[in-house]
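What follows is the content of input_7.cif (mmCIF, C-alpha atoms).
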data_model
loop_
_atom_site.group_PDB
_atom_site.id
_atom_site.type_symbol
_atom_site.label_atom_id
_atom_site.label_comp_id
_atom_site.auth_asym_id
_atom_site.auth_seq_id
_atom_site.Cartn_x
_atom_site.Cartn_y
_atom_site.Cartn_z
ATOM 1 C CA CYS M 1 11.423 -21.291 -54.181
ATOM 2 C CA PRO M 2 10.549 -23.131 -51.016
ATOM 3 C CA GLY M 3 7.418 -21.818 -49.324
ATOM 4 C CA ASP M 4 8.582 -22.926 -45.882
ATOM 5 C CA ASP M 5 10.559 -20.218 -44.016
ATOM 6 C CA ASP M 6 13.252 -22.618 -42.757
ATOM 7 C CA ALA M 7 13.751 -24.207 -46.183
ATOM 8 C CA PHE M 8 13.940 -20.777 -47.822
ATOM 9 C CA ALA M 9 16.507 -19.610 -45.233
ATOM 10 C CA ARG M 10 18.677 -22.659 -46.029
ATOM 11 C CA LEU M 11 18.416 -21.941 -49.758
ATOM 12 C CA ALA M 12 19.298 -18.258 -49.278
ATOM 13 C CA HIS M 13 22.275 -19.201 -47.091
ATOM 14 C CA ALA M 14 23.509 -21.707 -49.701
ATOM 15 C CA LEU M 15 23.254 -19.102 -52.463
ATOM 16 C CA ARG M 16 25.187 -16.518 -50.422
ATOM 17 C CA ALA M 17 27.887 -19.084 -49.631
ATOM 18 C CA THR M 18 28.163 -20.030 -53.309
ATOM 19 C CA LEU M 19 28.383 -16.445 -54.539
ATOM 20 C CA ARG M 20 30.719 -15.169 -51.802
ATOM 21 C CA PRO M 21 32.680 -18.054 -50.287
ATOM 22 C CA ARG M 22 34.750 -17.292 -47.203
ATOM 23 C CA ALA M 23 37.094 -20.247 -47.713
ATOM 24 C CA LEU M 24 37.827 -23.060 -50.127
ATOM 25 C CA LEU M 25 37.847 -26.567 -48.648
ATOM 26 C CA PHE M 26 39.543 -29.546 -50.268
ATOM 27 C CA ASP M 27 39.400 -33.261 -49.735
ATOM 28 C CA MET M 28 42.826 -34.903 -49.879
ATOM 29 C CA ASP M 29 42.592 -38.347 -51.425
ATOM 30 C CA GLY M 30 41.884 -38.142 -55.135
ATOM 31 C CA VAL M 31 41.567 -34.338 -55.037
ATOM 32 C CA LEU M 32 44.871 -32.998 -53.687
ATOM 33 C CA VAL M 33 46.723 -36.314 -53.524
ATOM 34 C CA ASP M 34 47.108 -39.150 -56.004
ATOM 35 C CA VAL M 35 46.625 -42.169 -53.737
ATOM 36 C CA SER M 36 46.678 -44.868 -56.408
ATOM 37 C CA GLY M 37 50.103 -46.036 -55.224
ATOM 38 C CA SER M 38 49.465 -45.635 -51.506
ATOM 39 C CA TYR M 39 46.046 -45.989 -49.892
ATOM 40 C CA ARG M 40 44.412 -47.772 -52.844
ATOM 41 C CA ARG M 41 47.385 -50.107 -53.177
ATOM 42 C CA ALA M 42 47.324 -50.736 -49.413
ATOM 43 C CA ILE M 43 43.710 -51.922 -49.681
ATOM 44 C CA VAL M 44 44.697 -54.457 -52.361
ATOM 45 C CA GLU M 45 47.850 -55.589 -50.540
ATOM 46 C CA THR M 46 46.150 -55.841 -47.150
ATOM 47 C CA ALA M 47 43.352 -57.967 -48.572
ATOM 48 C CA ALA M 48 45.948 -60.141 -50.335
ATOM 49 C CA SER M 49 47.703 -60.707 -47.006
ATOM 50 C CA PHE M 50 44.457 -62.365 -45.853
ATOM 51 C CA GLY M 51 44.186 -64.400 -49.084
ATOM 52 C CA VAL M 52 41.695 -62.120 -50.862
ATOM 53 C CA VAL M 53 42.492 -60.964 -54.396
ATOM 54 C CA LEU M 54 40.965 -57.580 -55.249
ATOM 55 C CA GLY M 55 41.124 -55.711 -58.526
ATOM 56 C CA ASP M 56 41.697 -51.970 -58.814
ATOM 57 C CA ASP M 57 38.258 -51.548 -60.402
ATOM 58 C CA GLU M 58 36.610 -53.304 -57.452
ATOM 59 C CA VAL M 59 38.404 -51.016 -55.007
ATOM 60 C CA ALA M 60 37.440 -47.937 -57.055
ATOM 61 C CA ARG M 61 33.761 -48.995 -57.000
ATOM 62 C CA ALA M 62 33.876 -49.557 -53.247
ATOM 63 C CA LYS M 63 35.509 -46.154 -52.653
ATOM 64 C CA ARG M 64 32.692 -44.415 -54.553
ATOM 65 C CA GLU M 65 30.184 -45.574 -51.937
ATOM 66 C CA THR M 66 29.047 -42.843 -49.554
ATOM 67 C CA ASP M 67 30.252 -44.667 -46.441
ATOM 68 C CA ALA M 68 33.689 -45.734 -47.746
ATOM 69 C CA ASN M 69 35.780 -42.922 -46.321
ATOM 70 C CA ASN M 70 37.657 -45.114 -43.840
ATOM 71 C CA ASP M 71 40.026 -47.337 -45.840
ATOM 72 C CA TRP M 72 40.460 -49.793 -42.964
ATOM 73 C CA VAL M 73 36.696 -50.390 -42.827
ATOM 74 C CA THR M 74 36.440 -50.496 -46.613
ATOM 75 C CA THR M 75 39.170 -53.153 -46.752
ATOM 76 C CA GLN M 76 37.405 -55.185 -44.080
ATOM 77 C CA ARG M 77 34.080 -54.948 -45.980
ATOM 78 C CA LEU M 78 35.630 -55.995 -49.276
ATOM 79 C CA MET M 79 37.185 -58.999 -47.560
ATOM 80 C CA ALA M 80 33.932 -59.904 -45.811
ATOM 81 C CA ALA M 81 32.145 -59.830 -49.184
ATOM 82 C CA ARG M 82 34.593 -62.575 -50.237
ATOM 83 C CA GLY M 83 33.887 -64.601 -47.115
ATOM 84 C CA VAL M 84 36.964 -63.614 -45.095
ATOM 85 C CA ASP M 85 36.165 -62.454 -41.582
ATOM 86 C CA ALA M 86 38.995 -60.469 -39.992
ATOM 87 C CA SER M 87 38.846 -58.054 -37.084
ATOM 88 C CA LEU M 88 39.126 -54.366 -37.816
ATOM 89 C CA GLU M 89 42.159 -54.296 -35.526
ATOM 90 C CA ALA M 90 43.962 -56.950 -37.615
ATOM 91 C CA VAL M 91 43.039 -55.256 -40.895
ATOM 92 C CA THR M 92 44.151 -51.856 -39.601
ATOM 93 C CA GLU M 93 47.472 -53.251 -38.351
ATOM 94 C CA ARG M 94 48.344 -54.832 -41.699
ATOM 95 C CA PHE M 95 47.093 -51.822 -43.675
ATOM 96 C CA GLU M 96 49.137 -49.396 -41.592
ATOM 97 C CA ALA M 97 52.274 -51.528 -41.910
ATOM 98 C CA ARG M 98 51.985 -51.098 -45.665
ATOM 99 C CA VAL M 99 51.217 -47.370 -45.633
ATOM 100 C CA GLN M 100 53.675 -46.376 -42.895
ATOM 101 C CA GLY M 101 56.373 -48.925 -43.707
ATOM 102 C CA THR M 102 58.335 -51.294 -41.531
ATOM 103 C CA ASP M 103 62.001 -51.680 -40.689
ATOM 104 C CA GLY M 104 62.506 -53.726 -43.847
ATOM 105 C CA ALA M 105 60.247 -51.843 -46.275
ATOM 106 C CA PRO M 106 59.465 -48.190 -46.966
ATOM 107 C CA GLY M 107 55.863 -47.124 -46.592
ATOM 108 C CA LEU M 108 53.577 -46.693 -49.568
ATOM 109 C CA TRP M 109 53.076 -43.057 -48.510
ATOM 110 C CA VAL M 110 56.302 -42.220 -50.369
ATOM 111 C CA GLU M 111 54.425 -42.912 -53.634
ATOM 112 C CA GLU M 112 51.932 -40.095 -53.050
ATOM 113 C CA ARG M 113 52.047 -37.102 -55.367
ATOM 114 C CA ALA M 114 50.214 -33.793 -55.351
ATOM 115 C CA ILE M 115 47.528 -33.520 -58.011
ATOM 116 C CA LEU M 116 47.371 -29.721 -57.913
ATOM 117 C CA ALA M 117 50.621 -27.848 -58.387
ATOM 118 C CA ARG M 118 51.801 -25.439 -55.705
ATOM 119 C CA PRO M 119 51.427 -22.350 -57.962
ATOM 120 C CA VAL M 120 47.737 -23.157 -58.511
ATOM 121 C CA LEU M 121 47.161 -23.494 -54.785
ATOM 122 C CA GLN M 122 49.166 -20.319 -54.106
ATOM 123 C CA ARG M 123 46.904 -18.345 -56.456
ATOM 124 C CA LEU M 124 43.825 -19.715 -54.714
ATOM 125 C CA ALA M 125 45.292 -19.016 -51.251
ATOM 126 C CA ALA M 126 45.907 -15.403 -52.291
ATOM 127 C CA ARG M 127 42.158 -15.031 -52.868
ATOM 128 C CA MET M 128 40.773 -16.783 -49.770
ATOM 129 C CA PRO M 129 41.772 -19.120 -46.942
ATOM 130 C CA LEU M 130 42.239 -22.762 -47.935
ATOM 131 C CA GLY M 131 41.363 -25.715 -45.746
ATOM 132 C CA ILE M 132 41.314 -29.479 -45.903
ATOM 133 C CA VAL M 133 38.616 -31.860 -44.693
ATOM 134 C CA THR M 134 39.873 -35.423 -44.891
ATOM 135 C CA GLY M 135 39.179 -38.870 -43.556
ATOM 136 C CA ARG M 136 42.926 -39.419 -43.133
ATOM 137 C CA PRO M 137 44.607 -39.663 -39.768
ATOM 138 C CA ARG M 138 46.191 -36.313 -38.836
ATOM 139 C CA GLY M 139 49.751 -37.635 -38.916
ATOM 140 C CA ASP M 140 49.334 -38.898 -42.495
ATOM 141 C CA ALA M 141 47.702 -35.666 -43.663
ATOM 142 C CA GLU M 142 50.324 -33.403 -42.127
ATOM 143 C CA ARG M 143 53.194 -35.587 -43.333
ATOM 144 C CA PHE M 144 51.952 -35.399 -46.921
ATOM 145 C CA LEU M 145 51.544 -31.618 -46.761
ATOM 146 C CA ARG M 146 55.082 -31.200 -45.405
ATOM 147 C CA HIS M 147 56.568 -33.705 -47.878
ATOM 148 C CA ALA M 148 54.812 -32.010 -50.825
ATOM 149 C CA GLY M 149 55.774 -28.514 -49.621
ATOM 150 C CA LEU M 150 52.136 -27.427 -49.281
ATOM 151 C CA ALA M 151 51.615 -27.176 -45.505
ATOM 152 C CA ASP M 152 51.920 -23.387 -45.390
ATOM 153 C CA LEU M 153 49.041 -22.918 -47.862
ATOM 154 C CA PHE M 154 46.280 -24.383 -45.696
ATOM 155 C CA ALA M 155 44.796 -22.424 -42.803
ATOM 156 C CA THR M 156 43.188 -25.496 -41.276
ATOM 157 C CA VAL M 157 43.223 -29.259 -41.639
ATOM 158 C CA VAL M 158 40.285 -31.293 -40.296
ATOM 159 C CA CYS M 159 41.080 -35.015 -39.964
ATOM 160 C CA MET M 160 39.362 -38.232 -38.931
ATOM 161 C CA GLU M 161 40.156 -37.610 -35.260
ATOM 162 C CA ASP M 162 38.378 -34.249 -35.276
ATOM 163 C CA GLY M 163 34.755 -35.309 -35.657
ATOM 164 C CA PRO M 164 32.277 -37.472 -37.499
ATOM 165 C CA CYS M 165 33.367 -38.969 -40.815
ATOM 166 C CA LYS M 166 32.363 -37.517 -44.130
ATOM 167 C CA PRO M 167 29.811 -37.229 -45.639
ATOM 168 C CA ASP M 168 28.548 -35.850 -42.325
ATOM 169 C CA PRO M 169 28.656 -32.048 -42.756
ATOM 170 C CA ALA M 170 30.073 -31.422 -39.259
ATOM 171 C CA PRO M 171 33.746 -31.514 -40.325
#
What's the structure tokens form of this structure?
Amino acid sequence: CPGDDDAFARLAHALRATLRPRALLFDMDGVLVDVSGSYRRAIVETAASFGVVLGDDEVARAKRETDANNDWVTTQRLMAARGVDASLEAVTERFEARVQGTDGAPGLWVEERAILARPVLQRLAARMPLGIVTGRPRGDAERFLRHAGLADLFATVVCMEDGPCKPDPAP
């Protein structure tokens, strides 16, 4: 055990939280939501619109990095690694057109599916409050929860607009 009082207090707090949690927090992308046909596809398609061909495995590797929570920034970085310099504003605009849709094309968000079934989440919600901490914009997060019929199961939803990005512990 840590000999330092502050370090021991942190350890004791972590053990109490583990043994008696007061809530269960979920990430969205890849945990609650299958984003292979939406956000991941939007990265590939956005890069392609700038002339950069990305493979799914390359995107998956990039998304495993600790600072890859923002898909707009991740797309821009992947493109820059291939020598294509585009502003974050331009990348975001093209990415969002794919995710949200345009007058002539539905958005990729319609491809999203829940990974965990509602009955599983209902059983968990009966035991303790559920929350979400996501790097998604609030509108996207809330739309998915409504579309999937899960919105009523989560006591709180913390999104990219609410504070520092993950992995910062503040959210």
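Restricting the calculation to all atoms listed in the file, the smallest distance between M:Trp109 and any of M:Asp27, M:Asp34, M:Asp85, M:Asp168 is found for M:Asp34.
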Compile the contact shell of M:Glu93 as a list in words: residues with an atom at most 10 Å away, counting only C-alpha atoms, same-chain residues fewer than 6 positions apart removed.
-> Thr46, Trp72 and Ser87 of chain M
Identify the residues around (36.5, -56.3, -51.7) within a radius of 12 Å, measuring from all atoms listed in the file in the coordinates stated by the file, and give them as number ranges by chain.
-> M: 40, 43-48, 50-63, 68, 71-85
Got time to write the residues from that selection, C-alpha atoms, as a JSON list (two decimals), in the coordinates of the input?
[["chain", "number", "residue", "atom", "x", "y", "z"],
["M", 40, "ARG", "CA", 44.41, -47.77, -52.84],
["M", 43, "ILE", "CA", 43.71, -51.92, -49.68],
["M", 44, "VAL", "CA", 44.70, -54.46, -52.36],
["M", 45, "GLU", "CA", 47.85, -55.59, -50.54],
["M", 46, "THR", "CA", 46.15, -55.84, -47.15],
["M", 47, "ALA", "CA", 43.35, -57.97, -48.57],
["M", 48, "ALA", "CA", 45.95, -60.14, -50.34],
["M", 50, "PHE", "CA", 44.46, -62.36, -45.85],
["M", 51, "GLY", "CA", 44.19, -64.40, -49.08],
["M", 52, "VAL", "CA", 41.70, -62.12, -50.86],
["M", 53, "VAL", "CA", 42.49, -60.96, -54.40],
["M", 54, "LEU", "CA", 40.96, -57.58, -55.25],
["M", 55, "GLY", "CA", 41.12, -55.71, -58.53],
["M", 56, "ASP", "CA", 41.70, -51.97, -58.81],
["M", 57, "ASP", "CA", 38.26, -51.55, -60.40],
["M", 58, "GLU", "CA", 36.61, -53.30, -57.45],
["M", 59, "VAL", "CA", 38.40, -51.02, -55.01],
["M", 60, "ALA", "CA", 37.44, -47.94, -57.06],
["M", 61, "ARG", "CA", 33.76, -49.00, -57.00],
["M", 62, "ALA", "CA", 33.88, -49.56, -53.25],
["M", 63, "LYS", "CA", 35.51, -46.15, -52.65],
["M", 68, "ALA", "CA", 33.69, -45.73, -47.75],
["M", 71, "ASP", "CA", 40.03, -47.34, -45.84],
["M", 72, "TRP", "CA", 40.46, -49.79, -42.96],
["M", 73, "VAL", "CA", 36.70, -50.39, -42.83],
["M", 74, "THR", "CA", 36.44, -50.50, -46.61],
["M", 75, "THR", "CA", 39.17, -53.15, -46.75],
["M", 76, "GLN", "CA", 37.40, -55.18, -44.08],
["M", 77, "ARG", "CA", 34.08, -54.95, -45.98],
["M", 78, "LEU", "CA", 35.63, -56.00, -49.28],
["M", 79, "MET", "CA", 37.18, -59.00, -47.56],
["M", 80, "ALA", "CA", 33.93, -59.90, -45.81],
["M", 81, "ALA", "CA", 32.15, -59.83, -49.18],
["M", 82, "ARG", "CA", 34.59, -62.58, -50.24],
["M", 83, "GLY", "CA", 33.89, -64.60, -47.12],
["M", 84, "VAL", "CA", 36.96, -63.61, -45.10],
["M", 85, "ASP", "CA", 36.16, -62.45, -41.58]]
Two-atom distance - atom CA of M:Arg41, atom CA of M:Thr102 (Å) | 16.0 Å
Among the residues M:Gly37, M:Ala126, M:Arg98, M:Val157, the one that comes closest to M:Ala141 [using all atoms listed in the file] | M:Val157
If I only have part of stretch 81-112 of chain M, can you fill in N, CA and C atoms and write it as a PDB file, in the coordinates of the input?
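So the final result, stored in out-v6.pdb, reads:
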ATOM      1  N   ALA M  81      32.953 -59.487 -48.007  1.00  0.00           N
ATOM      2  CA  ALA M  81      32.145 -59.830 -49.184  1.00  0.00           C
ATOM      3  C   ALA M  81      32.692 -61.063 -49.890  1.00  0.00           C
ATOM      4  N   ARG M  82      33.955 -61.380 -49.666  1.00  0.00           N
ATOM      5  CA  ARG M  82      34.593 -62.575 -50.237  1.00  0.00           C
ATOM      6  C   ARG M  82      34.657 -63.718 -49.228  1.00  0.00           C
ATOM      7  N   GLY M  83      33.970 -63.527 -48.089  1.00  0.00           N
ATOM      8  CA  GLY M  83      33.887 -64.601 -47.115  1.00  0.00           C
ATOM      9  C   GLY M  83      35.018 -64.656 -46.110  1.00  0.00           C
ATOM     10  N   VAL M  84      35.853 -63.624 -46.050  1.00  0.00           N
ATOM     11  CA  VAL M  84      36.964 -63.614 -45.095  1.00  0.00           C
ATOM     12  C   VAL M  84      36.617 -62.661 -43.951  1.00  0.00           C
ATOM     13  N   ASP M  85      36.511 -63.219 -42.772  1.00  0.00           N
ATOM     14  CA  ASP M  85      36.165 -62.454 -41.582  1.00  0.00           C
ATOM     15  C   ASP M  85      37.445 -62.155 -40.801  1.00  0.00           C
ATOM     16  N   ALA M  86      37.814 -60.897 -40.744  1.00  0.00           N
ATOM     17  CA  ALA M  86      38.995 -60.469 -39.992  1.00  0.00           C
ATOM     18  C   ALA M  86      38.594 -59.275 -39.132  1.00  0.00           C
ATOM     19  N   SER M  87      39.176 -59.176 -37.969  1.00  0.00           N
ATOM     20  CA  SER M  87      38.846 -58.054 -37.084  1.00  0.00           C
ATOM     21  C   SER M  87      39.364 -56.751 -37.691  1.00  0.00           C
ATOM     22  N   LEU M  88      38.684 -55.672 -37.343  1.00  0.00           N
ATOM     23  CA  LEU M  88      39.126 -54.366 -37.816  1.00  0.00           C
ATOM     24  C   LEU M  88      40.525 -54.070 -37.298  1.00  0.00           C
ATOM     25  N   GLU M  89      40.827 -54.502 -36.095  1.00  0.00           N
ATOM     26  CA  GLU M  89      42.159 -54.296 -35.526  1.00  0.00           C
ATOM     27  C   GLU M  89      43.235 -54.984 -36.382  1.00  0.00           C
ATOM     28  N   ALA M  90      42.988 -56.211 -36.796  1.00  0.00           N
ATOM     29  CA  ALA M  90      43.962 -56.950 -37.615  1.00  0.00           C
ATOM     30  C   ALA M  90      44.111 -56.310 -38.993  1.00  0.00           C
ATOM     31  N   VAL M  91      42.994 -55.908 -39.583  1.00  0.00           N
ATOM     32  CA  VAL M  91      43.039 -55.256 -40.895  1.00  0.00           C
ATOM     33  C   VAL M  91      43.811 -53.944 -40.796  1.00  0.00           C
ATOM     34  N   THR M  92      43.488 -53.148 -39.786  1.00  0.00           N
ATOM     35  CA  THR M  92      44.151 -51.856 -39.601  1.00  0.00           C
ATOM     36  C   THR M  92      45.653 -52.036 -39.406  1.00  0.00           C
ATOM     37  N   GLU M  93      46.047 -53.011 -38.613  1.00  0.00           N
ATOM     38  CA  GLU M  93      47.472 -53.251 -38.351  1.00  0.00           C
ATOM     39  C   GLU M  93      48.224 -53.583 -39.646  1.00  0.00           C
ATOM     40  N   ARG M  94      47.672 -54.459 -40.443  1.00  0.00           N
ATOM     41  CA  ARG M  94      48.344 -54.832 -41.699  1.00  0.00           C
ATOM     42  C   ARG M  94      48.321 -53.684 -42.709  1.00  0.00           C
ATOM     43  N   PHE M  95      47.214 -52.977 -42.775  1.00  0.00           N
ATOM     44  CA  PHE M  95      47.093 -51.822 -43.675  1.00  0.00           C
ATOM     45  C   PHE M  95      48.143 -50.770 -43.317  1.00  0.00           C
ATOM     46  N   GLU M  96      48.203 -50.431 -42.046  1.00  0.00           N
ATOM     47  CA  GLU M  96      49.137 -49.396 -41.592  1.00  0.00           C
ATOM     48  C   GLU M  96      50.592 -49.803 -41.793  1.00  0.00           C
ATOM     49  N   ALA M  97      50.900 -51.072 -41.653  1.00  0.00           N
ATOM     50  CA  ALA M  97      52.274 -51.528 -41.910  1.00  0.00           C
ATOM     51  C   ALA M  97      52.657 -51.242 -43.360  1.00  0.00           C
ATOM     52  N   ARG M  98      51.706 -51.372 -44.258  1.00  0.00           N
ATOM     53  CA  ARG M  98      51.985 -51.098 -45.665  1.00  0.00           C
ATOM     54  C   ARG M  98      52.100 -49.595 -45.936  1.00  0.00           C
ATOM     55  N   VAL M  99      51.191 -48.822 -45.387  1.00  0.00           N
ATOM     56  CA  VAL M  99      51.217 -47.370 -45.633  1.00  0.00           C
ATOM     57  C   VAL M  99      52.405 -46.712 -44.938  1.00  0.00           C
ATOM     58  N   GLN M 100      52.623 -47.041 -43.672  1.00  0.00           N
ATOM     59  CA  GLN M 100      53.675 -46.376 -42.895  1.00  0.00           C
ATOM     60  C   GLN M 100      55.057 -46.955 -43.160  1.00  0.00           C
ATOM     61  N   GLY M 101      55.101 -48.249 -43.502  1.00  0.00           N
ATOM     62  CA  GLY M 101      56.373 -48.925 -43.707  1.00  0.00           C
ATOM     63  C   GLY M 101      56.803 -49.665 -42.459  1.00  0.00           C
ATOM     64  N   THR M 102      57.781 -50.524 -42.633  1.00  0.00           N
ATOM     65  CA  THR M 102      58.335 -51.294 -41.531  1.00  0.00           C
ATOM     66  C   THR M 102      59.848 -51.149 -41.601  1.00  0.00           C
ATOM     67  N   ASP M 103      60.541 -51.760 -40.681  1.00  0.00           N
ATOM     68  CA  ASP M 103      62.001 -51.680 -40.689  1.00  0.00           C
ATOM     69  C   ASP M 103      62.588 -52.161 -42.009  1.00  0.00           C
ATOM     70  N   GLY M 104      61.961 -53.167 -42.619  1.00  0.00           N
ATOM     71  CA  GLY M 104      62.506 -53.726 -43.847  1.00  0.00           C
ATOM     72  C   GLY M 104      61.933 -53.167 -45.132  1.00  0.00           C
ATOM     73  N   ALA M 105      60.891 -52.345 -45.050  1.00  0.00           N
ATOM     74  CA  ALA M 105      60.247 -51.843 -46.275  1.00  0.00           C
ATOM     75  C   ALA M 105      59.760 -50.415 -46.078  1.00  0.00           C
ATOM     76  N   PRO M 106      59.990 -49.558 -47.072  1.00  0.00           N
ATOM     77  CA  PRO M 106      59.465 -48.190 -46.966  1.00  0.00           C
ATOM     78  C   PRO M 106      57.943 -48.201 -47.082  1.00  0.00           C
ATOM     79  N   GLY M 107      57.319 -47.217 -46.523  1.00  0.00           N
ATOM     80  CA  GLY M 107      55.863 -47.124 -46.592  1.00  0.00           C
ATOM     81  C   GLY M 107      55.379 -46.676 -47.961  1.00  0.00           C
ATOM     82  N   LEU M 108      54.181 -47.091 -48.294  1.00  0.00           N
ATOM     83  CA  LEU M 108      53.577 -46.693 -49.568  1.00  0.00           C
ATOM     84  C   LEU M 108      53.325 -45.187 -49.638  1.00  0.00           C
ATOM     85  N   TRP M 109      53.317 -44.506 -48.507  1.00  0.00           N
ATOM     86  CA  TRP M 109      53.076 -43.057 -48.510  1.00  0.00           C
ATOM     87  C   TRP M 109      54.098 -42.328 -49.381  1.00  0.00           C
ATOM     88  N   VAL M 110      55.276 -42.893 -49.556  1.00  0.00           N
ATOM     89  CA  VAL M 110      56.302 -42.220 -50.369  1.00  0.00           C
ATOM     90  C   VAL M 110      55.909 -42.150 -51.836  1.00  0.00           C
ATOM     91  N   GLU M 111      54.899 -42.916 -52.247  1.00  0.00           N
ATOM     92  CA  GLU M 111      54.425 -42.912 -53.634  1.00  0.00           C
ATOM     93  C   GLU M 111      53.421 -41.795 -53.906  1.00  0.00           C
ATOM     94  N   GLU M 112      52.964 -41.120 -52.870  1.00  0.00           N
ATOM     95  CA  GLU M 112      51.932 -40.095 -53.050  1.00  0.00           C
ATOM     96  C   GLU M 112      52.487 -38.852 -53.732  1.00  0.00           C
TER      97      GLU M 112
END
